[in-house]
Amino acid sequence: MELDENTFFPTLNFLSPIMTFLSIPSIHDVSVQMLPEYPEATAVTLALRPLLHPMFQALPDGISEFTFANIYLFREGHHYAISRLSDGRLVILGQDGDRRFFMLPFGLPDTPLLHMLMVDYGRMKCVSTPQKPLLQAMGYVVTEDRDNFDYLYLRRELAELTGRKFQKKRNLIKAFINNYHYEGRPLLAEYLPDALGILESWRNEHDSLGDYAAAREALEKSEELQLCGGIYYADGLPAAYSLGEESACGTSFVIHFEKALNQYKGLYQFVNQAFASIISDPYTTLNREQDLGQEGLRHAKLSYRPTGFVEKYIAILPDPEGS
């Protein structure tokens with residue numbers, strides 16, 4: 001198949017069946033008042049999903065950490081816990097190594113409560129762009145967390161890849177489709193063993209486990225978490241998959257996990273374009289999450305010319321010495 005800068009990638013219309021997961025109603029069997037009041041906290045469990053998932057979905061900023069699936073899947077790595085403040089707002093508590101932190105996805109609490117959190121936990125992570133000036137006006141020191149900026153791409157631009165700036169991407173995709181017979185399918189339960197096989201092969205190709213544990217649980221509990229995606233085959237063999245969910249009030253789709261085998265040249269580029277091609281029009285952007293400060297990953301993400309970033313900041317107490 002020949003590709004040129006005026007050729008659309010053939011749409012793989014397989015996402016719609018699994019997208020029905022997103023409309024499954026939930027019974028709110030947990031209320032905010034049932035959560036422990038700070039400083040007590042509760043572990044993040046699936047039982048909290050009926051309460052928290054709609055709250056996360058209503059957030060407009062599109063911060064990739066702020067979905068129930070993300071908080072749940074990385075609950076052990078970041079030691080997440082949920083607590084209710086005395087004014088009714090929820091706070092997410094966590095710890096990376098020996099450094100504690102808190103996050104306030106659902107709004108800032110009263111000033112005394114916020115100060116108490118700062119004193120107890122030292123820093124607020126995932127500060128949104130609207131929260132930044134409010135915190136600065138209160139006297140907190142707010143700094144850019146560039147390594148955790150989410151990369152935003154126009155869905156249509158990733159699907160079409162037109163122009164000279166994407167010539168290398170199109171060449172790699174052309175090499176893949178010319179060398180392999182390819183097929184895309186919805187990542188339904190019947191294909192989960194194939195996706196798990198891809199993940200195991202991916203793990204064997206890398207020295208570090210990375211997000212392996214979270215990626216595996218995401219596949220195993222994709223229906224409960226209402227994650228959806230696609231799986232891709234090369235010459236009849238499972239070769240790659242993508243898995244994510246909608247965010248930013250349904251205007252963006254965040255890709256939490258994307259794994260592909262290194263043996264297929266151009267496979268990552270193929271998957272990137274193919275997935276963008278089958279996402280429906282309500283999603284104007286794709287959120288491909290952060291680069292975590294890894295130089296190679298940053299270069300790869302920038303090479304796709306993001307339309308912007310979901311910026312995140314860290315807030316701390318001012319230095320009492322003023323230094």
# chains A, B, ... in the order shown; residues from 1 in each chain; ligands from 1
>>> residues_around(residues="Leu135 of chain A", least_positions_apart="6", cutoff="9 Å", atoms="only C-alpha atoms", output="list in words")
Leu108, Val141, Val142 and Ala315 of chain A
>>> write_last_selection(atoms="C-alpha atoms", output="PDB file, in the first residue's frame")
ATOM      1  CA  LEU A 108      -8.802  23.820  46.818  1.00  0.00           C
ATOM      2  CA  VAL A 141       5.843  28.666  45.950  1.00  0.00           C
ATOM      3  CA  VAL A 142       4.641  27.078  42.705  1.00  0.00           C
ATOM      4  CA  ALA A 315       3.366  23.823  45.277  1.00  0.00           C
TER       5      ALA A 315
END
>>> closest_atom_pairs(of="segment 171-222 of chain A", to="segment 233-237 of chain A", cutoff="7 Å", atoms="only C-alpha atoms", output="Markdown table")
| residue | atom | partner | partner_atom | distance |
| --- | --- | --- | --- | --- |
| A:Tyr180 | CA | A:Asp235 | CA | 5.7 |
| A:His181 | CA | A:Asp235 | CA | 4.8 |
| A:Tyr182 | CA | A:Ala234 | CA | 4.7 |
| A:Glu183 | CA | A:Tyr233 | CA | 5.1 |
| A:Gly184 | CA | A:Tyr233 | CA | 6.4 |
>>> write_last_selection(atoms="C-alpha atoms", output="PDB file, in the first residue's frame")
ATOM      1  CA  TYR A 180       3.704  -7.351   7.124  1.00  0.00           C
ATOM      2  CA  HIS A 181       0.092  -8.332   6.787  1.00  0.00           C
ATOM      3  CA  TYR A 182      -1.600  -6.256   9.495  1.00  0.00           C
ATOM      4  CA  GLU A 183      -4.915  -6.381  11.297  1.00  0.00           C
ATOM      5  CA  GLY A 184      -6.520  -4.355  14.080  1.00  0.00           C
TER       6      GLY A 184
END
>>> residues_around(residues="Leu227 of chain A", least_positions_apart="2", cutoff="6 Å", atoms="only C-alpha atoms", output="PyMOL selection string")
chain A and resi 222+225+244-245
>>> closest_residue(among="A:Pro39, A:Gly97, A:Pro133, A:Gly139", to="Met116 of chain A", atoms="only C-alpha atoms")
A:Pro39
